[in-house]
Amino acid sequence: MKVNDLVRRSNDWIIDIKVNCYLSPEEENEIGLITKFDCNHAVILWSYTGLSWENIEDIEVINESR
């Protein structure tokens, strides 16, 4: 996982979050771009949500940058 990789939320995170709160279909299926890393978090620019800090364990790489 590195800067400029395309990512999505992991299935485990989606299942866990749906138990405790509402997750819109746009948020569930959105694609994001890793902009930088900050400690144990990736700063991601999401297609719907915008900029957010995500735990590295909660995202999956779908297309690695070169």
# chains A, B, ... in the order shown; residues from 1 in each chain; ligands from 1
>>> select_by_dssp(residues="chain A", states="strand (DSSP E or B)", output="ChimeraX atom specification")
/A:6-9,32-38,41-46,51-55,59-63
>>> write_last_selection(atoms="N, CA and C atoms", output="PDB file, in the first residue's frame")
ATOM      1  N   LEU A   6      -5.285   3.151  -5.552  1.00  0.00           N
ATOM      2  CA  LEU A   6      -6.735   3.221  -5.431  1.00  0.00           C
ATOM      3  C   LEU A   6      -7.174   2.191  -4.401  1.00  0.00           C
ATOM      4  N   VAL A   7      -8.093   2.593  -3.518  1.00  0.00           N
ATOM      5  CA  VAL A   7      -8.522   1.703  -2.437  1.00  0.00           C
ATOM      6  C   VAL A   7     -10.047   1.734  -2.299  1.00  0.00           C
ATOM      7  N   ARG A   8     -10.547   0.769  -1.557  1.00  0.00           N
ATOM      8  CA  ARG A   8     -11.950   0.733  -1.168  1.00  0.00           C
ATOM      9  C   ARG A   8     -11.997   0.271   0.276  1.00  0.00           C
ATOM     10  N   ARG A   9     -13.139   0.422   0.898  1.00  0.00           N
ATOM     11  CA  ARG A   9     -13.285  -0.032   2.281  1.00  0.00           C
ATOM     12  C   ARG A   9     -13.326  -1.559   2.298  1.00  0.00           C
ATOM     13  N   GLY A  32     -11.346   5.347  -3.378  1.00  0.00           N
ATOM     14  CA  GLY A  32     -10.535   6.441  -2.878  1.00  0.00           C
ATOM     15  C   GLY A  32      -9.104   6.364  -3.367  1.00  0.00           C
ATOM     16  N   LEU A  33      -8.404   7.469  -3.237  1.00  0.00           N
ATOM     17  CA  LEU A  33      -7.002   7.586  -3.630  1.00  0.00           C
ATOM     18  C   LEU A  33      -6.192   7.939  -2.395  1.00  0.00           C
ATOM     19  N   ILE A  34      -5.164   7.147  -2.106  1.00  0.00           N
ATOM     20  CA  ILE A  34      -4.295   7.449  -0.969  1.00  0.00           C
ATOM     21  C   ILE A  34      -3.446   8.665  -1.319  1.00  0.00           C
ATOM     22  N   THR A  35      -3.556   9.711  -0.481  1.00  0.00           N
ATOM     23  CA  THR A  35      -2.783  10.934  -0.732  1.00  0.00           C
ATOM     24  C   THR A  35      -1.513  10.996   0.097  1.00  0.00           C
ATOM     25  N   LYS A  36      -1.550  10.413   1.311  1.00  0.00           N
ATOM     26  CA  LYS A  36      -0.354  10.348   2.159  1.00  0.00           C
ATOM     27  C   LYS A  36      -0.645   9.436   3.340  1.00  0.00           C
ATOM     28  N   PHE A  37       0.383   9.173   4.144  1.00  0.00           N
ATOM     29  CA  PHE A  37       0.247   8.380   5.363  1.00  0.00           C
ATOM     30  C   PHE A  37       0.555   9.252   6.563  1.00  0.00           C
ATOM     31  N   ASP A  38      -0.187   9.037   7.635  1.00  0.00           N
ATOM     32  CA  ASP A  38      -0.028   9.793   8.865  1.00  0.00           C
ATOM     33  C   ASP A  38      -0.117   8.801  10.020  1.00  0.00           C
ATOM     34  N   HIS A  41      -2.449   5.672   9.886  1.00  0.00           N
ATOM     35  CA  HIS A  41      -3.611   6.003   9.070  1.00  0.00           C
ATOM     36  C   HIS A  41      -3.192   6.423   7.669  1.00  0.00           C
ATOM     37  N   ALA A  42      -4.077   6.126   6.715  1.00  0.00           N
ATOM     38  CA  ALA A  42      -3.901   6.615   5.350  1.00  0.00           C
ATOM     39  C   ALA A  42      -4.851   7.786   5.162  1.00  0.00           C
ATOM     40  N   VAL A  43      -4.360   8.842   4.564  1.00  0.00           N
ATOM     41  CA  VAL A  43      -5.212   9.979   4.234  1.00  0.00           C
ATOM     42  C   VAL A  43      -5.743   9.711   2.827  1.00  0.00           C
ATOM     43  N   ILE A  44      -7.062   9.585   2.733  1.00  0.00           N
ATOM     44  CA  ILE A  44      -7.684   9.147   1.489  1.00  0.00           C
ATOM     45  C   ILE A  44      -8.657  10.205   0.986  1.00  0.00           C
ATOM     46  N   LEU A  45      -8.590  10.459  -0.311  1.00  0.00           N
ATOM     47  CA  LEU A  45      -9.559  11.311  -0.972  1.00  0.00           C
ATOM     48  C   LEU A  45     -10.597  10.390  -1.604  1.00  0.00           C
ATOM     49  N   TRP A  46     -11.770  10.323  -0.964  1.00  0.00           N
ATOM     50  CA  TRP A  46     -12.857   9.448  -1.411  1.00  0.00           C
ATOM     51  C   TRP A  46     -13.670  10.132  -2.502  1.00  0.00           C
ATOM     52  N   LEU A  51     -12.151  13.988   1.804  1.00  0.00           N
ATOM     53  CA  LEU A  51     -10.895  13.656   2.467  1.00  0.00           C
ATOM     54  C   LEU A  51     -11.146  13.095   3.863  1.00  0.00           C
ATOM     55  N   SER A  52     -10.487  11.968   4.187  1.00  0.00           N
ATOM     56  CA  SER A  52     -10.611  11.397   5.531  1.00  0.00           C
ATOM     57  C   SER A  52      -9.375  10.573   5.878  1.00  0.00           C
ATOM     58  N   TRP A  53      -9.179  10.379   7.175  1.00  0.00           N
ATOM     59  CA  TRP A  53      -8.096   9.562   7.693  1.00  0.00           C
ATOM     60  C   TRP A  53      -8.685   8.204   8.013  1.00  0.00           C
ATOM     61  N   GLU A  54      -8.111   7.145   7.433  1.00  0.00           N
ATOM     62  CA  GLU A  54      -8.635   5.790   7.610  1.00  0.00           C
ATOM     63  C   GLU A  54      -7.563   4.887   8.190  1.00  0.00           C
ATOM     64  N   ASN A  55      -7.982   3.995   9.069  1.00  0.00           N
ATOM     65  CA  ASN A  55      -7.080   2.986   9.604  1.00  0.00           C
ATOM     66  C   ASN A  55      -6.653   2.073   8.452  1.00  0.00           C
ATOM     67  N   ILE A  59      -8.987  -0.696   4.938  1.00  0.00           N
ATOM     68  CA  ILE A  59      -9.052  -0.447   3.491  1.00  0.00           C
ATOM     69  C   ILE A  59      -8.330  -1.545   2.728  1.00  0.00           C
ATOM     70  N   GLU A  60      -8.697  -1.695   1.460  1.00  0.00           N
ATOM     71  CA  GLU A  60      -8.072  -2.685   0.573  1.00  0.00           C
ATOM     72  C   GLU A  60      -7.622  -1.988  -0.707  1.00  0.00           C
ATOM     73  N   VAL A  61      -6.442  -2.341  -1.185  1.00  0.00           N
ATOM     74  CA  VAL A  61      -5.937  -1.806  -2.434  1.00  0.00           C
ATOM     75  C   VAL A  61      -6.661  -2.516  -3.580  1.00  0.00           C
ATOM     76  N   ILE A  62      -7.164  -1.737  -4.540  1.00  0.00           N
ATOM     77  CA  ILE A  62      -7.814  -2.341  -5.701  1.00  0.00           C
ATOM     78  C   ILE A  62      -7.007  -2.122  -6.970  1.00  0.00           C
ATOM     79  N   ASN A  63      -6.092  -1.142  -6.951  1.00  0.00           N
ATOM     80  CA  ASN A  63      -5.256  -0.888  -8.115  1.00  0.00           C
ATOM     81  C   ASN A  63      -3.986  -0.190  -7.637  1.00  0.00           C
TER      82      ASN A  63
END
>>> closest_residue(among="A:Glu57, A:Asp12, A:Thr49, A:Asp5", to="Pro25 in chain A", atoms="only C-alpha atoms")
A:Thr49
>>> select_by_dssp(residues="chain A", states="helix (DSSP H, G or I)", output="list in words")
Asn11, Asp12, Trp13, Ile14, Ile15, Asp16, Ile17, Lys18, Val19, Asn20, Pro25, Glu26, Glu27, Glu28, Asn29, Ile56, Glu57 and Asp58 of chain A
>>> write_last_selection(atoms="C-alpha atoms", output="PDB file, in the first residue's frame")
ATOM      1  CA  ASN A  11     -15.661  -5.984   3.600  1.00  0.00           C
ATOM      2  CA  ASP A  12     -14.966  -6.620   7.295  1.00  0.00           C
ATOM      3  CA  TRP A  13     -15.150  -2.892   8.049  1.00  0.00           C
ATOM      4  CA  ILE A  14     -18.392  -2.523   6.088  1.00  0.00           C
ATOM      5  CA  ILE A  15     -20.016  -5.389   8.016  1.00  0.00           C
ATOM      6  CA  ASP A  16     -18.845  -4.020  11.384  1.00  0.00           C
ATOM      7  CA  ILE A  17     -19.992  -0.452  10.693  1.00  0.00           C
ATOM      8  CA  LYS A  18     -23.427  -1.525   9.411  1.00  0.00           C
ATOM      9  CA  VAL A  19     -24.141  -3.128  12.792  1.00  0.00           C
ATOM     10  CA  ASN A  20     -23.595   0.157  14.652  1.00  0.00           C
ATOM     11  CA  PRO A  25     -24.605   2.795  -0.691  1.00  0.00           C
ATOM     12  CA  GLU A  26     -22.381   5.590  -2.035  1.00  0.00           C
ATOM     13  CA  GLU A  27     -20.069   5.315   0.974  1.00  0.00           C
ATOM     14  CA  GLU A  28     -20.070   1.523   0.866  1.00  0.00           C
ATOM     15  CA  ASN A  29     -19.031   1.337  -2.796  1.00  0.00           C
ATOM     16  CA  ILE A  56      -4.855   0.954   7.270  1.00  0.00           C
ATOM     17  CA  GLU A  57      -6.566  -2.285   8.343  1.00  0.00           C
ATOM     18  CA  ASP A  58      -9.941  -0.931   7.177  1.00  0.00           C
TER      19      ASP A  58
END
